[in-house]
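The next block is run.cif, given as mmCIF, C-alpha atoms and all ligand atoms.
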```cif
data_work
loop_
_atom_site.label_atom_id
_atom_site.label_comp_id
_atom_site.auth_asym_id
_atom_site.auth_seq_id
_atom_site.Cartn_x
_atom_site.Cartn_y
_atom_site.Cartn_z
CA MET A 1 20.45 26.37 162.20
CA ALA A 2 18.18 26.88 165.23
CA ASP A 3 16.24 29.50 163.25
CA PHE A 4 15.79 27.04 160.49
CA LEU A 5 13.59 24.81 162.61
CA SER A 6 10.55 27.03 162.34
CA LEU A 7 8.72 29.17 159.84
CA PRO A 8 10.14 32.70 159.93
CA ALA A 9 7.75 35.11 161.67
CA GLY A 10 5.33 36.71 159.27
CA ALA A 11 5.87 34.13 156.52
CA ASN A 12 2.90 33.88 154.21
CA VAL A 13 1.20 30.53 154.77
CA GLU A 14 0.01 30.45 151.19
CA LEU A 15 3.62 30.54 150.17
CA LEU A 16 3.27 27.91 147.51
CA PRO A 17 -0.23 28.41 146.15
CA ARG A 18 -1.26 25.34 144.20
CA GLU A 19 -1.71 27.30 140.99
CA ALA A 20 1.82 28.73 141.17
CA VAL A 21 3.26 25.31 141.82
CA LYS A 22 1.28 23.83 138.97
CA ALA A 23 2.44 26.58 136.65
CA ALA A 24 6.03 25.80 137.61
CA LEU A 25 5.38 22.10 137.16
CA ALA A 26 3.75 22.57 133.77
CA GLN A 27 6.89 24.29 132.52
CA VAL A 28 9.12 21.39 133.33
CA ALA A 29 6.99 18.31 132.75
CA ALA A 30 5.17 17.20 129.65
CA PHE A 31 2.22 14.91 130.18
CA PRO A 32 1.07 12.81 127.27
CA GLY A 33 -2.66 12.47 126.62
CA VAL A 34 -4.76 10.09 128.67
CA GLN A 35 -5.60 6.67 127.27
CA GLN A 36 -9.32 7.19 127.43
CA ASP A 37 -10.37 3.57 127.21
CA GLY A 38 -7.55 1.94 129.12
CA TRP A 39 -9.33 1.54 132.42
CA ARG A 40 -12.74 0.76 131.01
CA ASP A 41 -11.66 -2.44 129.31
CA GLU A 42 -10.83 -3.89 132.66
CA ALA A 43 -14.35 -3.17 133.88
CA GLU A 44 -15.87 -4.96 130.93
CA VAL A 45 -13.90 -8.13 131.64
CA ALA A 46 -15.73 -8.56 134.92
CA GLY A 47 -19.07 -9.19 133.20
CA TRP A 48 -20.89 -7.52 136.08
CA ALA A 49 -21.21 -3.85 135.26
CA PRO A 50 -19.63 -1.57 137.89
CA LEU A 51 -22.90 0.07 138.97
CA ASP A 52 -25.10 -3.05 138.76
CA PRO A 53 -26.57 -2.98 142.25
CA MET A 54 -25.86 -5.59 144.90
CA SER A 55 -28.38 -6.35 147.61
CA VAL A 56 -27.81 -6.30 151.35
CA GLU A 57 -28.15 -10.11 151.20
CA ASP A 58 -25.34 -10.31 148.61
CA VAL A 59 -23.12 -8.40 151.03
CA ALA A 60 -24.06 -10.74 153.88
CA VAL A 61 -23.68 -14.07 152.05
CA ALA A 62 -20.97 -13.34 149.48
CA PRO A 63 -18.85 -10.60 151.04
CA ASP A 64 -15.65 -11.64 149.27
CA THR A 65 -17.23 -11.26 145.83
CA CYS A 66 -18.63 -7.87 146.81
CA VAL A 67 -15.25 -6.71 148.15
CA GLU A 68 -13.57 -7.90 144.94
CA HIS A 69 -16.09 -5.96 142.87
CA LEU A 70 -15.43 -2.82 144.91
CA GLU A 71 -11.67 -3.29 144.64
CA LEU A 72 -11.82 -3.82 140.89
CA HIS A 73 -14.06 -0.87 140.03
CA GLY A 74 -13.45 1.48 142.95
CA CYS A 75 -17.22 1.72 143.45
CA ALA A 76 -20.32 -0.37 144.06
CA MET A 77 -24.04 0.25 144.46
CA VAL A 78 -25.99 -1.53 147.19
CA ARG A 79 -29.80 -1.37 147.26
CA GLU A 80 -31.95 -0.86 150.36
CA VAL A 81 -29.28 -0.07 152.92
CA LEU A 82 -31.70 2.38 154.57
CA ARG A 83 -35.45 1.72 154.95
CA PRO A 84 -37.87 4.17 153.23
CA GLU A 85 -39.18 5.46 156.60
CA ALA A 86 -35.63 6.14 157.78
CA CYS A 87 -34.86 7.97 154.50
CA GLU A 88 -37.97 10.14 154.97
CA CYS A 89 -37.09 10.97 158.58
CA LEU A 90 -33.48 11.85 157.75
CA LYS A 91 -34.54 13.85 154.70
CA ASP A 92 -36.81 16.05 156.89
CA PHE A 93 -34.10 16.33 159.51
CA VAL A 94 -31.54 17.45 156.91
CA ASP A 95 -33.87 20.06 155.39
CA LYS A 96 -34.62 21.55 158.80
CA GLU A 97 -30.98 21.47 159.84
CA LEU A 98 -29.88 23.22 156.64
CA GLN A 99 -32.51 25.89 157.17
CA ARG A 100 -31.43 26.34 160.78
CA VAL A 101 -27.78 26.73 159.77
CA GLN A 102 -28.64 29.13 156.94
CA GLU A 103 -30.74 31.31 159.26
CA HIS A 104 -27.99 31.28 161.83
CA LEU A 105 -25.44 32.33 159.22
CA ALA A 106 -27.70 35.06 157.85
CA THR A 107 -28.05 36.70 161.26
CA ALA A 108 -24.49 36.14 162.51
CA PRO A 109 -22.12 39.12 162.70
CA PRO A 110 -19.67 39.06 159.77
CA GLU A 111 -16.68 38.21 161.99
CA GLU A 112 -18.45 35.08 163.28
CA ARG A 113 -19.78 33.96 159.92
CA ARG A 114 -16.62 32.33 158.63
CA HIS A 115 -16.16 30.39 161.83
CA LEU A 116 -19.80 29.25 161.87
CA GLU A 117 -19.65 28.29 158.25
CA ARG A 118 -16.56 26.15 158.76
CA LEU A 119 -18.10 24.57 161.80
CA ASN A 120 -21.30 23.48 160.03
CA LEU A 121 -20.53 23.26 156.33
CA GLY A 122 -17.84 21.34 154.46
CA SER A 123 -15.95 22.96 151.60
CA VAL A 124 -17.93 21.49 148.73
CA ARG A 125 -16.91 22.21 145.13
CA GLU A 126 -19.29 24.48 143.15
CA ARG A 127 -21.08 25.92 146.14
CA GLN A 128 -23.93 27.66 144.32
CA HIS A 129 -27.12 25.75 145.24
CA ARG A 130 -24.97 23.01 146.77
CA TRP A 131 -24.13 22.39 150.43
CA ASP A 132 -22.14 19.91 152.43
CA LEU A 133 -23.95 19.89 155.78
CA LYS A 134 -22.04 18.34 158.68
CA LEU A 135 -24.48 16.31 160.76
CA PRO A 136 -24.84 16.09 164.52
CA LEU A 137 -25.38 12.64 166.04
CA ALA A 138 -29.05 13.34 166.73
CA PRO A 139 -31.16 10.16 167.13
CA THR A 140 -32.33 10.20 163.47
CA VAL A 141 -28.76 10.50 162.20
CA ARG A 142 -27.38 7.99 164.68
CA ASP A 143 -30.01 5.39 163.75
CA ALA A 144 -29.39 5.90 160.04
CA LEU A 145 -25.63 5.68 160.51
CA ARG A 146 -26.03 2.43 162.35
CA GLU A 147 -28.59 0.92 159.93
CA VAL A 148 -26.43 1.65 156.88
CA THR A 149 -23.28 0.43 158.60
CA GLN A 150 -24.83 -2.79 159.84
CA ASN A 151 -26.21 -3.54 156.38
CA LEU A 152 -22.79 -3.00 154.81
CA GLU A 153 -20.76 -4.44 157.66
CA LYS A 154 -18.97 -7.21 155.78
CA LEU A 155 -18.17 -5.00 152.81
CA LEU A 156 -16.70 -2.35 155.11
CA VAL A 157 -14.78 -4.78 157.28
CA GLY A 158 -13.42 -6.45 154.12
CA THR A 159 -11.98 -3.14 152.91
CA VAL A 160 -11.25 -0.70 155.74
CA GLU A 161 -11.28 -3.20 158.66
CA LEU A 162 -13.31 -3.28 161.85
CA ASP A 163 -11.28 -0.58 163.60
CA ALA A 164 -11.80 1.92 160.77
CA GLY A 165 -12.33 5.47 162.01
CA LEU A 166 -15.38 7.53 161.11
CA VAL A 167 -13.81 10.59 159.47
CA GLU A 168 -16.82 12.13 157.70
CA LEU A 169 -20.50 12.32 158.61
CA SER A 170 -22.40 14.75 156.49
CA CYS A 171 -25.05 15.31 153.83
CA LEU A 172 -24.56 16.65 150.32
CA ILE A 173 -27.52 18.70 149.18
CA SER A 174 -27.99 20.12 145.72
CA ASP A 175 -30.93 22.17 144.45
CA PRO A 176 -32.05 22.89 140.89
CA SER A 177 -29.56 25.29 139.23
CA ALA A 178 -26.54 23.62 140.87
CA VAL A 179 -23.96 23.26 138.10
CA ARG A 180 -21.93 20.13 137.46
CA GLN A 181 -18.71 19.82 139.45
CA ASN A 182 -15.39 19.28 137.75
CA VAL A 183 -14.19 15.71 137.73
CA HIS A 184 -12.05 15.17 140.81
CA VAL A 185 -10.78 12.67 143.33
CA ASP A 186 -11.33 13.13 147.05
CA THR A 187 -7.81 12.01 147.94
CA GLY A 188 -4.62 11.61 145.93
CA GLY A 189 -2.13 9.44 147.69
CA TRP A 190 -1.43 7.25 144.66
CA LYS A 191 2.29 7.82 145.19
CA THR A 192 2.27 6.73 148.82
CA ARG A 193 1.48 3.51 150.61
CA CYS A 194 -1.46 5.16 152.38
CA ALA A 195 -4.71 3.22 151.84
CA PRO A 196 -7.57 5.29 150.39
CA LEU A 197 -10.68 6.24 152.34
CA LEU A 198 -14.04 4.63 151.72
CA THR A 199 -17.11 6.82 151.35
CA VAL A 200 -20.71 5.59 151.51
CA PHE A 201 -23.24 7.96 149.89
CA VAL A 202 -26.87 7.10 150.61
CA ALA A 203 -29.64 8.63 148.50
CA LEU A 204 -32.43 9.93 150.76
CA GLN A 205 -34.86 10.20 147.82
CA GLU A 206 -34.91 8.85 144.32
CA VAL A 207 -32.04 10.29 142.25
CA THR A 208 -33.03 10.89 138.63
CA GLU A 209 -30.84 12.08 135.78
CA ALA A 210 -32.28 15.60 135.99
CA MET A 211 -31.23 15.86 139.66
CA GLY A 212 -27.54 15.59 138.74
CA PRO A 213 -26.56 12.19 140.10
CA THR A 214 -22.98 11.47 141.05
CA VAL A 215 -20.99 10.59 137.91
CA VAL A 216 -18.33 7.94 138.56
CA PHE A 217 -15.49 6.63 136.40
CA PRO A 218 -15.11 2.98 137.39
CA GLY A 219 -11.59 1.64 137.54
CA THR A 220 -9.89 5.04 137.67
CA HIS A 221 -8.94 4.66 141.36
CA ASP A 222 -6.15 2.29 140.40
CA ASP A 223 -4.61 4.17 137.50
CA PRO A 224 -1.63 6.25 138.66
CA TYR A 225 -1.04 7.54 135.16
CA LEU A 226 -4.54 8.99 135.01
CA GLN A 227 -4.33 10.39 138.52
CA GLN A 228 -1.07 12.12 137.70
CA TRP A 229 -2.58 13.59 134.58
CA LEU A 230 -5.62 14.83 136.50
CA SER A 231 -3.45 16.51 139.10
CA VAL A 232 -1.93 18.93 136.57
CA MET A 233 -4.99 19.41 134.37
CA PRO A 234 -6.69 22.83 134.63
CA SER A 235 -9.99 22.43 136.51
CA ALA A 236 -12.15 23.68 133.64
CA GLN A 237 -10.84 20.91 131.40
CA ARG A 238 -11.81 18.18 133.82
CA THR A 239 -15.11 17.38 132.16
CA PRO A 240 -16.73 13.93 132.17
CA GLU A 241 -16.17 13.75 128.39
CA GLN A 242 -12.39 14.01 128.94
CA PHE A 243 -12.58 10.80 130.89
CA GLY A 244 -14.92 8.82 128.69
CA GLY A 245 -18.31 10.04 129.99
CA GLY A 246 -18.57 8.06 133.24
CA SER A 247 -21.57 6.24 134.74
CA LEU A 248 -24.52 7.96 136.38
CA ALA A 249 -25.45 6.82 139.87
CA THR A 250 -29.22 7.19 139.42
CA CYS A 251 -31.08 5.12 141.99
CA PRO A 252 -34.11 4.65 144.22
CA PRO A 253 -34.10 6.01 147.80
CA GLY A 254 -32.06 4.08 150.34
CA THR A 255 -29.41 3.01 147.80
CA ALA A 256 -25.73 3.31 148.74
CA LEU A 257 -22.94 4.26 146.40
CA VAL A 258 -19.77 2.94 148.04
CA MET A 259 -16.69 4.66 146.67
CA ASN A 260 -12.91 4.53 146.96
CA SER A 261 -11.68 8.09 147.63
CA ARG A 262 -9.25 7.86 144.67
CA LEU A 263 -12.01 7.24 142.17
CA LEU A 264 -12.61 10.01 139.64
CA HIS A 265 -16.11 11.37 140.09
CA CYS A 266 -18.23 14.52 140.24
CA GLY A 267 -21.67 15.71 141.29
CA GLY A 268 -23.85 16.34 138.24
CA ALA A 269 -25.90 19.45 137.33
CA ASN A 270 -29.28 19.64 139.03
CA LEU A 271 -31.50 20.95 136.25
CA LEU A 272 -34.03 23.75 136.59
CA ALA A 273 -36.28 21.79 134.24
CA GLY A 274 -37.13 18.49 135.91
CA GLY A 275 -34.61 18.63 138.77
CA SER A 276 -35.40 18.78 142.46
CA ARG A 277 -33.53 18.76 145.77
CA ARG A 278 -31.08 15.85 145.99
CA ARG A 279 -29.79 14.79 149.41
CA LEU A 280 -26.96 12.29 149.82
CA PHE A 281 -26.32 11.25 153.40
CA TYR A 282 -22.71 10.18 153.60
CA MET A 283 -20.08 8.75 155.88
CA THR A 284 -16.39 8.11 155.25
CA TRP A 285 -14.28 5.41 156.90
CA GLN A 286 -10.52 5.41 157.28
CA LYS A 287 -8.48 2.27 157.61
CA PRO A 288 -6.55 2.50 160.90
CA LYS A 289 -3.20 4.27 160.57
CA ASN A 290 -3.82 5.44 157.01
CA THR A 291 -4.42 9.16 157.38
CA ASN A 292 -4.87 10.70 153.94
CA HIS A 293 -4.26 14.38 153.46
CA GLY A 294 -6.62 15.17 150.57
CA SER A 295 -10.07 14.74 152.06
CA THR A 296 -12.13 17.72 153.24
CA TYR A 297 -12.99 15.71 156.37
CA SER A 298 -16.57 16.89 156.70
CA ILE A 299 -17.46 15.99 160.24
CA LEU A 300 -18.40 18.12 163.24
CA ASP A 301 -15.40 18.80 165.45
CA ALA A 302 -17.33 17.31 168.38
CA LEU A 303 -17.44 13.91 166.61
CA ALA A 304 -13.97 13.80 165.03
CA GLY A 305 -11.75 10.96 166.24
CA ARG A 306 -14.41 9.54 168.59
CA TYR A 307 -16.24 6.88 166.54
CA ASP A 308 -15.10 3.75 164.79
CA LEU A 309 -16.78 0.99 162.83
CA ARG A 310 -16.55 -1.49 165.71
CA HIS A 311 -18.59 0.79 167.99
CA VAL A 312 -21.08 1.86 165.34
CA VAL A 313 -22.07 -1.67 164.24
CA ARG A 314 -22.30 -3.02 167.76
CA ARG A 315 -25.79 -4.24 168.71
CA THR A 316 -26.11 -1.99 171.78
CA PRO A 317 -29.06 0.35 172.45
CA THR A 318 -27.13 3.37 171.26
CA VAL A 319 -24.04 4.21 169.21
CA GLU A 320 -21.26 4.65 171.72
CA ALA A 321 -18.16 6.75 171.31
CA ILE A 322 -14.73 5.14 171.77
CA ALA A 323 -14.20 5.05 175.53
CA GLU A 324 -10.57 6.09 175.72
CA VAL A 325 -9.29 8.72 173.35
CA ASP A 326 -6.25 10.96 173.41
CA GLU A 327 -7.83 14.43 173.63
CA GLU A 328 -4.61 16.20 172.77
CA ARG A 329 -4.17 14.13 169.61
CA ILE A 330 -7.77 14.76 168.54
CA ALA A 331 -7.28 18.51 169.02
CA LEU A 332 -4.10 18.38 166.91
CA GLU A 333 -5.83 16.38 164.18
CA ILE A 334 -8.76 18.81 164.03
CA SER A 335 -6.48 21.77 163.80
CA ALA A 336 -4.23 20.17 161.14
CA LYS A 337 -7.23 19.17 159.05
CA LYS A 338 -8.30 22.81 158.76
CA LYS A 339 -5.18 22.99 156.56
CA ASP A 340 -4.52 26.66 157.18
CA ASP A 341 -1.83 26.38 159.84
CA PRO A 342 1.45 24.92 158.52
CA GLN A 343 2.81 24.44 162.01
CA ALA A 344 -0.22 22.35 163.09
CA MET A 345 0.10 20.40 159.82
CA LEU A 346 3.77 19.75 160.49
CA ASP A 347 3.14 18.68 164.10
CA PHE A 348 0.43 16.31 162.91
CA ALA A 349 2.61 14.92 160.11
CA LEU A 350 5.36 14.21 162.63
CA ARG A 351 2.89 12.52 164.94
CA LEU A 352 1.80 10.30 162.04
CA ARG A 353 5.43 9.56 161.24
CA GLN A 354 5.98 8.47 164.83
CA GLU A 355 2.91 6.25 164.63
CA GLY A 356 4.16 4.58 161.46
CA ASP A 357 1.27 5.95 159.38
CA PRO A 358 2.26 6.26 155.68
CA GLY A 359 -0.11 9.23 155.44
CA ALA A 360 2.78 11.15 157.07
CA VAL A 361 4.35 11.40 153.60
CA GLU A 362 1.27 13.15 152.17
CA TRP A 363 1.02 15.50 155.15
CA LEU A 364 4.70 16.41 154.92
CA ARG A 365 4.40 17.05 151.19
CA ALA A 366 1.34 19.25 151.75
CA THR A 367 3.14 21.14 154.53
CA GLY A 368 6.16 21.54 152.25
CA ARG A 369 3.85 23.00 149.59
CA LYS A 370 2.70 25.48 152.21
CA GLY A 371 6.32 26.54 152.37
CA HIS A 372 7.48 24.99 155.62
CA PRO A 373 11.22 24.26 155.21
CA LEU A 374 11.29 21.76 158.04
CA ALA A 375 8.62 19.62 156.36
CA CYS A 376 10.95 19.36 153.35
CA MET A 377 13.84 18.40 155.64
CA HIS A 378 11.83 15.61 157.28
CA LEU A 379 10.85 14.32 153.87
CA ALA A 380 14.52 14.44 152.86
CA GLU A 381 15.38 12.35 155.89
CA MET A 382 12.62 9.86 155.09
CA TYR A 383 13.97 9.52 151.54
CA CYS A 384 17.39 8.73 153.03
CA LEU A 385 15.96 6.13 155.37
CA GLY A 386 13.50 4.68 152.87
CA GLU A 387 10.75 5.13 155.43
CA LEU A 388 6.99 4.47 155.32
CA GLY A 389 6.88 3.24 151.75
CA LEU A 390 9.33 5.74 150.25
CA GLU A 391 12.14 4.06 148.40
CA THR A 392 15.60 5.20 149.51
CA ASN A 393 16.56 7.98 147.13
CA TYR A 394 19.55 10.13 148.08
CA GLU A 395 19.15 12.39 145.06
CA ALA A 396 15.59 13.21 146.02
CA ALA A 397 16.74 13.80 149.58
CA GLU A 398 19.43 16.19 148.38
CA GLU A 399 16.98 18.13 146.19
CA LEU A 400 14.58 18.50 149.09
CA ARG A 401 17.36 19.60 151.40
CA LYS A 402 18.51 22.25 148.91
CA PHE A 403 14.93 23.38 148.40
CA ALA A 404 14.38 23.65 152.15
CA PHE A 405 17.45 25.84 152.61
CA GLY A 406 16.51 27.96 149.60
CA LEU A 407 12.99 28.34 150.90
CA PHE A 408 14.18 29.39 154.29
CA SER A 409 16.54 32.01 152.87
CA HIS A 410 13.76 33.28 150.62
CA LEU A 411 11.36 33.56 153.54
CA ALA A 412 13.84 35.17 155.84
CA ASP A 413 14.93 37.71 153.21
CA ARG A 414 13.17 41.00 153.91
CA SER A 415 15.10 42.99 151.30
CA GLU A 416 13.57 45.00 148.48
CA THR A 417 15.55 43.05 145.90
CA LYS A 418 14.14 39.68 146.94
CA PRO A 419 12.89 37.78 143.86
CA ARG A 420 9.18 37.17 143.50
CA LEU A 421 7.86 33.80 144.60
CA GLN A 422 7.33 32.73 141.00
CA GLU A 423 10.96 33.48 140.22
CA PHE A 424 12.08 31.55 143.26
CA LEU A 425 10.03 28.55 142.12
CA GLU A 426 11.40 28.79 138.60
CA ASN A 427 14.90 28.58 140.05
CA HIS A 428 13.99 25.47 141.99
CA THR A 429 12.16 23.43 139.39
CA GLU A 430 13.94 20.17 140.14
CA VAL A 431 11.89 19.52 143.23
CA PHE A 432 8.75 19.92 141.09
CA ARG A 433 10.12 18.04 138.10
CA GLN A 434 10.76 15.07 140.35
CA GLU A 435 7.34 15.68 141.98
CA LEU A 436 8.82 15.42 145.43
CA LEU A 437 6.14 17.61 146.99
CA PHE A 438 3.16 15.99 145.21
O1 LIG A 501 -22.72 15.57 144.70
C1 LIG A 501 -22.23 14.47 144.47
O2 LIG A 501 -22.86 13.54 143.98
C2 LIG A 501 -20.76 14.24 144.73
C3 LIG A 501 -20.15 15.42 145.42
C4 LIG A 501 -18.68 15.37 145.47
O3 LIG A 501 -18.05 14.54 144.91
C5 LIG A 501 -17.94 16.39 146.21
O4 LIG A 501 -18.54 17.40 146.62
O5 LIG A 501 -16.70 16.22 146.39
#
```
Reformat the file's structure so that it appears as structure tokens.
Amino acid sequence: MADFLSLPAGANVELLPREAVKAALAQVAAFPGVQQDGWRDEAEVAGWAPLDPMSVEDVAVAPDTCVEHLELHGCAMVREVLRPEACECLKDFVDKELQRVQEHLATAPPEERRHLERLNLGSVRERQHRWDLKLPLAPTVRDALREVTQNLEKLLVGTVELDAGLVELSCLISDPSAVRQNVHVDTGGWKTRCAPLLTVFVALQEVTEAMGPTVVFPGTHDDPYLQQWLSVMPSAQRTPEQFGGGSLATCPPGTALVMNSRLLHCGGANLLAGGSRRRLFYMTWQKPKNTNHGSTYSILDALAGRYDLRHVVRRTPTVEAIAEVDEERIALEISAKKKDDPQAMLDFALRLRQEGDPGAVEWLRATGRKGHPLACMHLAEMYCLGELGLETNYEAAEELRKFAFGLFSHLADRSETKPRLQEFLENHTEVFRQELLF
């Protein structure tokens, strides 16, 4: 039993590659077609189209209406959150910073490249001609962060609360020839009690149709059926047409697109004919004690865990970091969020569990998918106790327990006759059929 508490030495951390799990899942579960218009009807009832822009004054004088709009549609546009001069300054800063990072990468020795890349660039989908540039808190960035946040203060406080943590600070850049992304969500979490993240994208120049604006699917953040369907759909099939076309977030410079992280969306194709560089400065806020697993968490390590909404909106001469932080916890969070070390992920998940954060369920599931038997055992225990939003379910607990033991034996088995991973998964379909690790 003592051996069982850790991953066997030499275990492959990509033990349960997503594709293999999905293949196993597809064999046991049949998903009916999506009701393409189901969520759009709701949007029409509101009478105020989802992407009809609000003004900064609307946010200040009628915050409740603006929060309701955001909660109903999962997105909202707000005009003039960043002044034109500030957009210009940040745009120049971003271009220079991207060039600096690219030059650095081009001259770095191959063994350092991967590390440098991870440090400075987020893992954006469809990387050709598209970058996710993590931003330092240089004065231009800091001032823009504060200006946007102050202008949206009541909308943010009304959704993620004043103590929300800053978990992303970055800029999406796409150049002509960038292809459209597949439709995706930034975080799942629809089966847990974990609140979604809130992302604010700010256009630093006009965004025209030819530049491949963000395409959003209003109302989809709240549709578990659709989210479940998306999670097993092959990426290539996730086209905007599959989900009813979507709405294009074209806009003048300085406009914010505020978005729930569970909303279906994608970056559009930046066309060679008529397109030009599109830069979206963005920040993501996390409601306290709601640590999602899915996000790419694009923020420089030096800034992670050190800024919250309360400090950023404060009318002080500069944006101050949180005075007292737990350095050890920040280090653990950074290492877990790289998502390549199942032990760090497990340690972080257990920390979240201790803190009463329902995100623990997502982190344990993700660590279980990485093949860590102990993550499955903790989940089993949480199903027994009905903890952090999970309903007590002894059958689920038993399936997870059996899976954990099976997994451990499979990992520990060094014999020639050991079944292939796919075979092992096929013999343990119940855990997938019941979606206990998703
Ligand atoms: O480029 C955009 O407009 C959105 C990008 C995005 O959704 C992503 O990279 O996850």
If you take every atom of ligand LIG 501 (chain A) that the file lists and fit an axis-aligned box around them with 4 Å extra on each side, what centre and edge lengths come out in Å to one decimal, as AutoDock Vina command-line options?
```
--center_x -19.8 --center_y 15.5 --center_z 145.3 --size_x 14.2 --size_y 11.9 --size_z 10.6
```
Tell me, counting only C-alpha atoms, for each residue of range 126-237 of chain A within 8 Å of range 354-370 of chain A, which pair of atoms is nearest and how far apart they are in Å to one decimal, in rows ordered by chain and increasing number, as JSON lines.
```
{"residue": "A:Gly189", "atom": "CA", "partner": "A:Glu362", "partner_atom": "CA", "distance": 6.7}
{"residue": "A:Thr192", "atom": "CA", "partner": "A:Pro358", "partner_atom": "CA", "distance": 6.9}
{"residue": "A:Arg193", "atom": "CA", "partner": "A:Pro358", "partner_atom": "CA", "distance": 5.8}
{"residue": "A:Cys194", "atom": "CA", "partner": "A:Pro358", "partner_atom": "CA", "distance": 5.1}
```
Fill in: Surrounding residues of Val67 in chain A excluding itself and chain neighbours under 3 positions, 8 Å, only C-alpha atoms, as a list in words
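Using only C-alpha atoms, the neighbours found are Pro63, Asp64, Leu70, Glu71, Leu155, Gly158 and Thr159 of chain A.
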Proximity check range 238-344 of chain A to range 111-124 of chain A, 12 Å, nearest pairs one decimal Å, only C-alpha atoms, as a Markdown table:
```
| residue | atom | partner | partner_atom | distance |
| --- | --- | --- | --- | --- |
| A:Cys266 | CA | A:Val124 | CA | 11.0 |
| A:Gly267 | CA | A:Val124 | CA | 10.1 |
| A:Ser295 | CA | A:Ser123 | CA | 10.1 |
| A:Thr296 | CA | A:Ser123 | CA | 6.7 |
| A:Tyr297 | CA | A:Gly122 | CA | 7.7 |
| A:Ser298 | CA | A:Gly122 | CA | 5.1 |
| A:Ile299 | CA | A:Gly122 | CA | 7.9 |
| A:Leu300 | CA | A:Leu119 | CA | 6.6 |
| A:Asp301 | CA | A:Leu119 | CA | 7.3 |
| A:Ala302 | CA | A:Leu119 | CA | 9.8 |
| A:Leu303 | CA | A:Leu119 | CA | 11.7 |
| A:Ala304 | CA | A:Leu119 | CA | 12.0 |
| A:Ile334 | CA | A:Leu119 | CA | 11.2 |
| A:Lys337 | CA | A:Arg118 | CA | 11.7 |
| A:Lys338 | CA | A:Arg118 | CA | 8.9 |
| A:Lys339 | CA | A:Ser123 | CA | 11.9 |
```
What separates CA of Val101 in chain A and CA of Leu135 in chain A is a distance of 11.0 Å
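Among the candidate residues A:Glu88, A:Glu241, A:Asp58, A:Glu168, the one lying nearest to Gln286 in chain A is A:Glu168, with distances computed using only C-alpha atoms.
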Proximity check range 149-247 of chain A to range 268-272 of chain A, 7 Å, nearest pairs one decimal Å, only C-alpha atoms, as a Markdown table:
```
| residue | atom | partner | partner_atom | distance |
| --- | --- | --- | --- | --- |
| A:Ser174 | CA | A:Asn270 | CA | 6.8 |
| A:Asp175 | CA | A:Asn270 | CA | 6.2 |
| A:Pro176 | CA | A:Asn270 | CA | 4.7 |
| A:Ser177 | CA | A:Leu272 | CA | 5.4 |
| A:Ala178 | CA | A:Asn270 | CA | 5.2 |
| A:Val179 | CA | A:Ala269 | CA | 4.3 |
| A:Arg180 | CA | A:Ala269 | CA | 4.0 |
| A:Gln181 | CA | A:Gly268 | CA | 6.3 |
| A:Ala210 | CA | A:Leu271 | CA | 5.4 |
| A:Met211 | CA | A:Asn270 | CA | 4.3 |
| A:Gly212 | CA | A:Gly268 | CA | 3.8 |
| A:Pro213 | CA | A:Gly268 | CA | 5.3 |
| A:Thr214 | CA | A:Gly268 | CA | 5.7 |
| A:Val215 | CA | A:Gly268 | CA | 6.4 |
```
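Closest approach to ligand LIG 501 (chain A) among A:Asn182, A:Ser335, A:Ser55, A:Thr318: A:Asn182, based on all atoms listed in the file.
Nearest residue to His311 in chain A, choosing from A:Arg353, A:His293, A:Arg146, A:Arg433 and counting all atoms listed in the file: A:Arg146.
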Exercise. List the neighbours of Gly245 in chain A out to 10 Å using all atoms listed in the file; skip same-chain residues closer than 4 positions along the sequence, and give me the result as number ranges by chain.
Key: A: 36, 215-217, 239-241
* With a distance cut-off of 10 Å and only C-alpha atoms, select the neighbouring residues of Arg401 in chain A, excluding the residue or stretch itself and same-chain residues fewer than 6 positions from it, and output the selection as a VMD selection string. => chain A and resid 373 to 374 376 to 381 395 407 431
**Prompt:** Of the candidates A:Val148, A:Leu388, A:Cys171, A:Leu156, which one gets nearest to Glu97 in chain A if we count all atoms listed in the file?
**Reply:**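 Checking each candidate against Glu97 in chain A, we get A:Cys171 as the closest.
Residues lying within 7 Å of range 305-310 of chain A, counting all atoms listed in the file and ignoring same-chain neighbours fewer than 2 positions away, are A:Leu162, A:Asp163, A:Ala164, A:Gly165, A:Leu166, A:Leu303, A:Val312, A:Val313, A:Arg314, A:Ala321, A:Ile322, A:Ile330.
The space separating CA of Glu430 in chain A from CA of Phe403 in chain A comes to 8.9 Å.
For the residues A:Ser247, A:Ser235, A:Gln205, A:Gln150, ranking by smallest atom-to-atom distance to Asp52 in chain A using all atoms listed in the file places A:Ser247 first.
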From the list A:Val94, A:Leu145, A:Ala256, A:Leu425, the nearest residue to ligand LIG 501 (chain A) using all atoms listed in the file is A:Ala256
At a cut-off of 10 Å, using all atoms listed in the file, what residues contact Asp223 in chain A? Leave out same-chain residues fewer than 3 positions from it and give the result as a compact mmCIF listing (two decimals) with C-alpha atoms, keeping the file's coordinate frame.
```txt
# COMPACT_ATOMS: atom_id res chain seq x y z
CA GLY A 38 -7.55 1.94 129.12
CA TRP A 39 -9.33 1.54 132.42
CA TRP A 190 -1.43 7.25 144.66
CA GLY A 219 -11.59 1.64 137.54
CA THR A 220 -9.89 5.04 137.67
CA LEU A 226 -4.54 8.99 135.01
CA GLN A 227 -4.33 10.39 138.52
CA GLN A 228 -1.07 12.12 137.70
CA ARG A 262 -9.25 7.86 144.67
CA LEU A 263 -12.01 7.24 142.17
```
